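Visitor: Enclosed is the structure file entry-v8.pdb (PDB, C-alpha atoms).
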ATOM      1  CA  GLY A   1      44.059 -80.640 133.278
ATOM      2  CA  VAL A   2      42.789 -77.137 132.406
ATOM      3  CA  MET A   3      44.214 -74.289 134.463
ATOM      4  CA  VAL A   4      41.647 -71.713 135.501
ATOM      5  CA  PRO A   5      42.708 -68.787 137.676
ATOM      6  CA  VAL A   6      40.743 -68.256 140.809
ATOM      7  CA  LEU A   7      39.662 -64.607 140.811
ATOM      8  CA  PRO A   8      38.423 -63.101 144.051
ATOM      9  CA  ARG A   9      34.994 -61.549 143.703
ATOM     10  CA  VAL A  10      32.657 -59.821 146.124
ATOM     11  CA  GLY A  11      29.026 -60.405 146.945
ATOM     12  CA  GLY A  12      27.201 -63.580 145.912
ATOM     13  CA  HIS A  13      29.256 -64.374 142.823
ATOM     14  CA  ARG A  14      30.651 -67.851 142.404
ATOM     15  CA  HIS A  15      34.369 -68.635 142.512
ATOM     16  CA  LEU A  16      36.091 -71.102 140.141
ATOM     17  CA  ARG A  17      38.859 -73.477 141.084
ATOM     18  CA  ARG A  18      41.062 -75.924 139.141
ATOM     19  CA  THR A  19      40.113 -79.579 138.756
ATOM     20  CA  GLY A  20      41.841 -82.451 136.966
ATOM     21  CA  SER A  21      39.521 -82.490 133.923
ATOM     22  CA  SER A  22      37.890 -80.130 131.452
ATOM     23  CA  THR A  23      35.410 -79.169 134.128
ATOM     24  CA  VAL A  24      35.801 -76.828 137.025
ATOM     25  CA  SER A  25      34.152 -76.643 140.389
ATOM     26  CA  ALA A  26      31.926 -73.697 141.068
ATOM     27  CA  LEU A  27      32.373 -72.762 144.700
ATOM     28  CA  PRO A  28      29.258 -71.514 146.412
ATOM     29  CA  PRO A  29      29.122 -68.108 148.028
ATOM     30  CA  GLU A  30      30.218 -67.886 151.593
ATOM     31  CA  GLY A  31      27.580 -69.154 153.975
ATOM     32  CA  GLY A  32      26.037 -72.111 152.193
ATOM     33  CA  GLY A  33      25.258 -74.127 149.084
ATOM     34  CA  ARG A  34      27.259 -76.932 147.542
ATOM     35  CA  GLU A  35      29.811 -77.312 144.823
ATOM     36  CA  ARG A  36      28.807 -78.375 141.372
ATOM     37  CA  GLU A  37      30.740 -79.252 138.252
ATOM     38  CA  VAL A  38      30.758 -76.718 135.374
ATOM     39  CA  ASP A  39      31.708 -77.589 131.760
ATOM     40  CA  LEU A  40      34.502 -75.145 131.006
ATOM     41  CA  GLU A  41      34.252 -75.480 127.223
ATOM     42  CA  SER A  42      30.517 -74.747 127.324
ATOM     43  CA  LEU A  43      31.182 -71.772 129.555
ATOM     44  CA  LEU A  44      33.786 -70.314 127.186
ATOM     45  CA  ARG A  45      31.600 -70.937 124.123
ATOM     46  CA  GLN A  46      28.702 -69.191 125.787
ATOM     47  CA  GLY A  47      30.904 -66.212 126.573
ATOM     48  CA  ARG A  48      32.062 -65.923 122.926
ATOM     49  CA  GLU A  49      28.477 -66.068 121.659
ATOM     50  CA  GLU A  50      27.317 -63.418 124.096
ATOM     51  CA  SER A  51      30.191 -61.097 123.149
ATOM     52  CA  GLU A  52      29.368 -61.429 119.428
ATOM     53  CA  ASP A  53      25.739 -60.438 120.031
ATOM     54  CA  PHE A  54      26.628 -57.508 122.314
ATOM     55  CA  VAL A  55      25.429 -54.088 121.042
ATOM     56  CA  PHE A  56      26.284 -50.805 122.739
ATOM     57  CA  SER A  57      23.272 -48.585 123.297
ATOM     58  CA  PHE A  58      22.455 -45.483 125.251
ATOM     59  CA  ASP A  59      19.425 -43.620 126.419
ATOM     60  CA  GLU A  60      18.848 -40.676 124.064
ATOM     61  CA  ASP A  61      16.675 -38.902 126.603
ATOM     62  CA  ASP A  62      19.500 -38.938 129.170
ATOM     63  CA  VAL A  63      21.995 -37.590 126.633
ATOM     64  CA  ARG A  64      19.572 -34.888 125.520
ATOM     65  CA  ASP A  65      19.038 -33.819 129.134
ATOM     66  CA  ASP A  66      22.814 -33.568 129.635
ATOM     67  CA  LEU A  67      23.222 -31.452 126.499
ATOM     68  CA  ASP A  68      20.383 -29.156 127.522
ATOM     69  CA  TRP A  69      22.064 -28.645 130.890
ATOM     70  CA  ILE A  70      25.407 -27.807 129.218
ATOM     71  CA  ASP A  71      23.732 -25.392 126.795
ATOM     72  CA  SER A  72      21.943 -23.606 129.605
ATOM     73  CA  LYS A  73      25.185 -23.152 131.552
ATOM     74  CA  PHE A  74      27.005 -21.929 128.420
ATOM     75  CA  GLU A  75      24.272 -19.447 127.507
ATOM     76  CA  ALA A  76      24.182 -18.118 131.066
ATOM     77  CA  SER A  77      27.915 -17.351 130.888
ATOM     78  CA  ILE A  78      27.643 -15.306 127.664
ATOM     79  CA  LYS A  79      26.922 -11.610 127.789
ATOM     80  CA  PRO A  80      25.335  -9.927 124.760
ATOM     81  CA  ILE A  81      27.764  -7.824 122.649
ATOM     82  CA  THR A  82      27.051  -4.118 122.663
ATOM     83  CA  GLU A  83      27.084  -1.941 119.544
ATOM     84  CA  ASP A  84      30.292  -0.230 120.682
ATOM     85  CA  GLU A  85      31.979  -3.605 121.107
ATOM     86  CA  LYS A  86      30.816  -4.635 117.623
ATOM     87  CA  GLU A  87      32.374  -1.485 116.127
ATOM     88  CA  SER A  88      35.604  -2.043 118.050
ATOM     89  CA  LEU A  89      35.834  -5.644 116.843
ATOM     90  CA  ALA A  90      35.184  -4.532 113.269
ATOM     91  CA  GLU A  91      37.988  -1.948 113.457
ATOM     92  CA  LYS A  92      40.446  -4.467 114.896
ATOM     93  CA  SER A  93      39.483  -6.942 112.182
ATOM     94  CA  LYS A  94      40.290  -4.329 109.523
ATOM     95  CA  GLU A  95      43.643  -3.549 111.152
ATOM     96  CA  ILE A  96      44.596  -7.236 111.269
ATOM     97  CA  GLU A  97      43.550  -7.723 107.650
ATOM     98  CA  ALA A  98      45.539  -4.682 106.529
ATOM     99  CA  ALA A  99      48.646  -5.847 108.415
ATOM    100  CA  ALA A 100      48.404  -9.307 106.868
ATOM    101  CA  THR A 101      47.941  -8.000 103.324
ATOM    102  CA  PRO A 102      51.228  -7.814 101.338
ATOM    103  CA  ARG A 103      52.104  -4.235 100.498
ATOM    104  CA  PRO A 104      52.547  -3.465  96.784
ATOM    105  CA  ARG A 105      56.070  -2.703  95.691
ATOM    106  CA  GLU A 106      55.229   0.858  94.713
ATOM    107  CA  GLU A 107      54.032   1.589  98.252
ATOM    108  CA  GLU A 108      57.295   0.305  99.724
ATOM    109  CA  ASP A 109      59.223   2.596  97.414
ATOM    110  CA  HIS A 110      57.387   5.586  98.874
ATOM    111  CA  LEU A 111      58.278   4.801 102.486
ATOM    112  CA  GLU A 112      60.323   7.560 104.055
ATOM    113  CA  SER A 113      63.952   6.706 104.690
ATOM    114  CA  ALA A 114      66.834   8.537 106.300
ATOM    115  CA  TYR A 115      68.525   8.287 102.872
ATOM    116  CA  SER A 116      65.659   9.927 100.935
ATOM    117  CA  GLU A 117      65.813  13.493  99.637
ATOM    118  CA  SER A 118      62.560  14.331 101.414
ATOM    119  CA  MET A 119      64.366  13.604 104.698
ATOM    120  CA  GLY A 120      67.188  15.990 103.809
ATOM    121  CA  PHE A 121      69.639  13.413 102.427
ATOM    122  CA  LYS A 122      71.727  14.769  99.561
ATOM    123  CA  ALA A 123      74.175  13.099  97.174
ATOM    124  CA  ILE A 124      76.684  14.461  94.691
ATOM    125  CA  SER A 125      78.290  12.809  91.670
ATOM    126  CA  VAL A 126      82.063  12.752  91.257
ATOM    127  CA  GLN A 127      81.690  15.040  88.222
ATOM    128  CA  ASP A 128      79.782  17.674  90.198
ATOM    129  CA  LEU A 129      82.261  17.288  93.060
ATOM    130  CA  HIS A 130      85.180  17.877  90.701
ATOM    131  CA  ASP A 131      83.522  21.002  89.308
ATOM    132  CA  SER A 132      82.682  22.348  92.773
ATOM    133  CA  LEU A 133      86.247  21.794  93.979
ATOM    134  CA  ALA A 134      87.570  23.536  90.866
ATOM    135  CA  ARG A 135      85.401  26.552  91.693
ATOM    136  CA  GLY A 136      86.549  26.488  95.310
ATOM    137  CA  SER A 137      82.932  26.231  96.558
ATOM    138  CA  MET A 138      83.154  22.977  98.511
ATOM    139  CA  LEU A 139      85.270  21.159 101.099
ATOM    140  CA  LEU A 140      85.967  17.432 100.916
ATOM    141  CA  ILE A 141      85.924  15.256 104.055
ATOM    142  CA  ASP A 142      87.494  11.846 103.430
ATOM    143  CA  ILE A 143      86.238   9.426 106.089
ATOM    144  CA  ARG A 144      88.488   6.472 105.215
ATOM    145  CA  SER A 145      91.196   5.351 107.628
ATOM    146  CA  ARG A 146      94.285   7.516 107.990
ATOM    147  CA  ASP A 147      96.427   4.823 106.392
ATOM    148  CA  GLU A 148      94.173   4.691 103.309
ATOM    149  CA  TYR A 149      94.052   8.478 103.081
ATOM    150  CA  ASN A 150      97.851   8.790 103.280
ATOM    151  CA  ARG A 151      98.338   6.202 100.529
ATOM    152  CA  TYR A 152      96.050   7.915  98.007
ATOM    153  CA  ARG A 153      93.314  10.558  97.989
ATOM    154  CA  ALA A 154      91.459  12.874  95.616
ATOM    155  CA  ARG A 155      93.671  15.659  94.281
ATOM    156  CA  THR A 156      92.496  19.021  95.603
ATOM    157  CA  PHE A 157      93.968  22.259  96.834
ATOM    158  CA  PRO A 158      95.558  21.617 100.256
ATOM    159  CA  TRP A 159      92.928  23.557 102.160
ATOM    160  CA  GLN A 160      90.031  21.785 100.393
ATOM    161  CA  SER A 161      90.480  18.260 101.800
ATOM    162  CA  ILE A 162      90.627  16.834 105.329
ATOM    163  CA  ASN A 163      90.743  13.299 106.662
ATOM    164  CA  ILE A 164      88.293  12.518 109.499
ATOM    165  CA  PRO A 165      87.941   8.722 109.842
ATOM    166  CA  PHE A 166      84.358   7.639 110.432
ATOM    167  CA  GLY A 167      85.430   5.837 113.593
ATOM    168  CA  GLU A 168      86.566   9.173 115.085
ATOM    169  CA  PHE A 169      83.277  11.017 114.495
ATOM    170  CA  SER A 170      82.085  10.691 118.090
ATOM    171  CA  ALA A 171      85.314  12.160 119.459
ATOM    172  CA  TRP A 172      85.193  15.025 116.958
ATOM    173  CA  ASN A 173      81.596  15.764 117.894
ATOM    174  CA  ARG A 174      82.313  15.737 121.648
ATOM    175  CA  SER A 175      85.205  18.141 121.154
ATOM    176  CA  GLY A 176      83.046  20.493 119.086
ATOM    177  CA  GLU A 177      85.412  20.300 116.083
ATOM    178  CA  PHE A 178      82.574  19.737 113.601
ATOM    179  CA  GLN A 179      81.081  23.119 114.436
ATOM    180  CA  LYS A 180      83.855  24.936 112.566
ATOM    181  CA  TYR A 181      82.682  23.326 109.301
ATOM    182  CA  LYS A 182      79.019  24.300 109.658
ATOM    183  CA  ARG A 183      79.299  27.286 107.323
ATOM    184  CA  PHE A 184      80.877  25.286 104.465
ATOM    185  CA  LYS A 185      79.401  23.059 101.813
ATOM    186  CA  LEU A 186      80.778  19.605 102.549
ATOM    187  CA  ALA A 187      81.262  16.493 100.408
ATOM    188  CA  ILE A 188      81.708  13.250 102.348
ATOM    189  CA  MET A 189      83.819  10.607 100.610
ATOM    190  CA  CYS A 190      84.600   6.968 101.474
ATOM    191  CA  THR A 191      85.790   4.022  99.386
ATOM    192  CA  ARG A 192      82.563   2.990  97.597
ATOM    193  CA  GLY A 193      79.936   5.469  98.759
ATOM    194  CA  GLU A 194      78.312   3.280 101.402
ATOM    195  CA  MET A 195      79.927   4.515 104.596
ATOM    196  CA  SER A 196      79.735   8.123 103.424
ATOM    197  CA  ALA A 197      75.941   7.796 103.212
ATOM    198  CA  GLN A 198      75.834   6.760 106.874
ATOM    199  CA  ALA A 199      78.228   9.540 107.821
ATOM    200  CA  THR A 200      76.086  12.131 106.032
ATOM    201  CA  VAL A 201      72.993  11.055 107.962
ATOM    202  CA  ARG A 202      74.893  11.206 111.252
ATOM    203  CA  LEU A 203      76.300  14.646 110.544
ATOM    204  CA  THR A 204      72.932  16.112 109.606
ATOM    205  CA  ARG A 205      70.421  14.178 111.718
ATOM    206  CA  VAL A 206      72.527  13.590 114.849
ATOM    207  CA  TYR A 207      75.203  16.271 114.995
ATOM    208  CA  GLY A 208      73.023  19.074 113.673
ATOM    209  CA  LEU A 209      74.858  20.155 110.524
ATOM    210  CA  ASP A 210      72.773  21.764 107.777
ATOM    211  CA  GLY A 211      71.353  19.057 105.517
ATOM    212  CA  ASP A 212      71.363  21.432 102.536
ATOM    213  CA  LYS A 213      75.132  21.846 102.808
ATOM    214  CA  VAL A 214      76.242  18.243 103.305
ATOM    215  CA  ARG A 215      76.514  15.763 100.395
ATOM    216  CA  HIS A 216      77.679  12.186 100.205
ATOM    217  CA  VAL A 217      79.868  11.318  97.178
ATOM    218  CA  GLU A 218      78.246   8.631  95.030
ATOM    219  CA  GLY A 219      80.604   5.710  94.386
ATOM    220  CA  GLY A 220      83.320   7.088  96.672
ATOM    221  CA  ILE A 221      86.925   7.448  95.650
ATOM    222  CA  ASN A 222      86.687   4.286  93.535
ATOM    223  CA  ARG A 223      84.354   6.067  91.124
ATOM    224  CA  TRP A 224      86.480   9.197  91.321
ATOM    225  CA  VAL A 225      89.505   7.209  90.129
ATOM    226  CA  LEU A 226      87.571   5.292  87.451
ATOM    227  CA  SER A 227      86.241   8.597  86.105
ATOM    228  CA  GLY A 228      89.813   9.742  85.486
ATOM    229  CA  PHE A 229      90.040  12.510  88.083
ATOM    230  CA  GLY A 230      93.337  13.308  89.762
ATOM    231  CA  VAL A 231      94.721  11.344  92.695
ATOM    232  CA  GLU A 232      97.535  12.156  95.098
ATOM    233  CA  GLN A 233      99.569   9.199  96.329
ATOM    234  CA  THR A 234     102.792   8.221  98.044
ATOM    235  CA  ASP A 235     105.893   7.418  95.958
ATOM    236  CA  LEU A 236     105.378   3.714  96.725
ATOM    237  CA  LEU A 237     102.130   3.660  94.761
ATOM    238  CA  LYS A 238     102.807   6.143  91.993
ATOM    239  CA  ASP A 239     103.844   3.472  89.496
ATOM    240  CA  LYS A 240     100.531   1.617  90.046
ATOM    241  CA  TRP A 241      98.279   4.459  88.901
ATOM    242  CA  VAL A 242      97.693   5.464  85.329
TER     243      VAL A 242
END
As structure tokens, how would this structure be written, given the file I've shared?
Guide:
Amino acid sequence: GVMVPVLPRVGGHRHLRRTGSSTVSALPPEGGGREREVDLESLLRQGREESEDFVFSFDEDDVRDDLDWIDSKFEASIKPITEDEKESLAEKSKEIEAAATPRPREEEDHLESAYSESMGFKAISVQDLHDSLARGSMLLIDIRSRDEYNRYRARTFPWQSINIPFGEFSAWNRSGEFQKYKRFKLAIMCTRGEMSAQATVRLTRVYGLDGDKVRHVEGGINRWVLSGFGVEQTDLLKDKWV
């Protein structure tokens, strides 16, 4: 037979129960009536036909009323923008647009840097350093490690060169030792000219030495050697230098 689930319903709706054929019994609502046989196949066919003809519709007037209510609530919550607020929003819009606009390369080149001459940063070539040392008008501070300095260093008069490793700058500053060099013109040398640039900025911008008297050596001792200027070294390395 055909199995039909019995679904509980409320009110005056009929209930279906299983029978031994293609029909089902329609139970009457509680309180009266009699059973009658229902053709299940006809019932299912009728349901399919009704579902195919079903069209969803809505009442446009009801929807319009709902939208009008929403619009009225939204408009009531909005305050008119004042002229001052308009000007403020316009200024902020310009600021955002300017921040989002890529800056031309030439503008970036003009940005002030701690390593720019306009900020007091000075550099000196190895040729000018050699000439200044020959005239006795400059002192050389080698900021490489003590081991590197003892192995080889720029050839100068003994009183013209001193080794102050960059890592010891803070201790030298706390002890006040840098103050004794304030009256001299100083050249700061490292291996390649990178660390000496940082040291020059620290000496002038942090420790208060005169920016007009402090120079960083371009290219460091590597360029000094490649330019053919004299080098002092230990006996262990003498045979490796030309």
Visitor: Measure the distance from CA of Arg205 in chain A to CA of Ile141 in chain A in Å and round it to one decimal.
Guide: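 The value is 17.3 Å.
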Visitor: So the first atom is CA of Tyr181 in chain A and the second is CA of Pro165 in chain A; what is the distance between them in Å, to one decimal place?
Guide: 15.5 Å
Visitor: Check the smallest atom-to-atom distance from each of A:Arg153, A:Lys122, A:Arg146, A:Arg202 to Val231 in chain A using all atoms listed in the file, then report the winner.
Guide: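 Of all the options, A:Arg153 lies closest to Val231 in chain A.
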Visitor: Evaluate the PyMOL selection byres ((chain A and resi 220) around 6) here and jot the selected residues down as JSON, numbers by chain.
Guide: {"A": [189, 190, 191, 192, 193, 217, 218, 219, 221, 222, 223]}
Visitor: Give me the result of the PyMOL selection byres ((chain A and resi 179) around 12) on this file, residue by residue, as a list in words.
Guide: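 Expected selection for the PyMOL selection byres ((chain A and resi 179) around 12) here is Trp172, Asn173, Arg174, Ser175, Gly176, Glu177, Phe178, Lys180, Tyr181, Lys182, Arg183, Phe184, Leu203, Thr204, Tyr207, Gly208, Leu209 and Asp210 of chain A.
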Visitor: Out of A:Gly47, A:Gln160, A:Arg151, A:Ala171, which residue has the shortest atom-to-atom distance to Ala134 in chain A when counting only C-alpha atoms?
Guide: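 Nearest candidate to Ala134 in chain A out of A:Gly47, A:Gln160, A:Arg151, A:Ala171: A:Gln160.
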Visitor: With only C-alpha atoms as the basis for distance, which of A:Glu83, A:Ile143, A:Gln127, A:Asn163 is at the shortest distance from Gln198 in chain A?
Guide: A:Ile143
Visitor: Using Å and a single decimal, report how far CA of Leu139 in chain A sits from CA of Glu194 in chain A.
Guide: 19.2 Å
Visitor: Using only C-alpha atoms, which protein or nucleic acid residues come within 8 Å of Ala187 in chain A? Drop anything in the same chain fewer than 6 positions from it, and give the result as number ranges by chain.
Guide: A: 124, 129, 138-141, 214-217
Visitor: Find the residues with any atom within 7 Å of (96.9, 13.9, 101.8); use all atoms listed in the file and the coordinates as given in the file, and write the answer as number ranges by chain.
Guide: A: 149-150, 153, 232
Visitor: Taking into account all atoms listed in the file, which residue in the set A:Ala123, A:Ser88, A:Phe169, A:Arg155 is nearest to Val206 in chain A?
Guide: A:Phe169
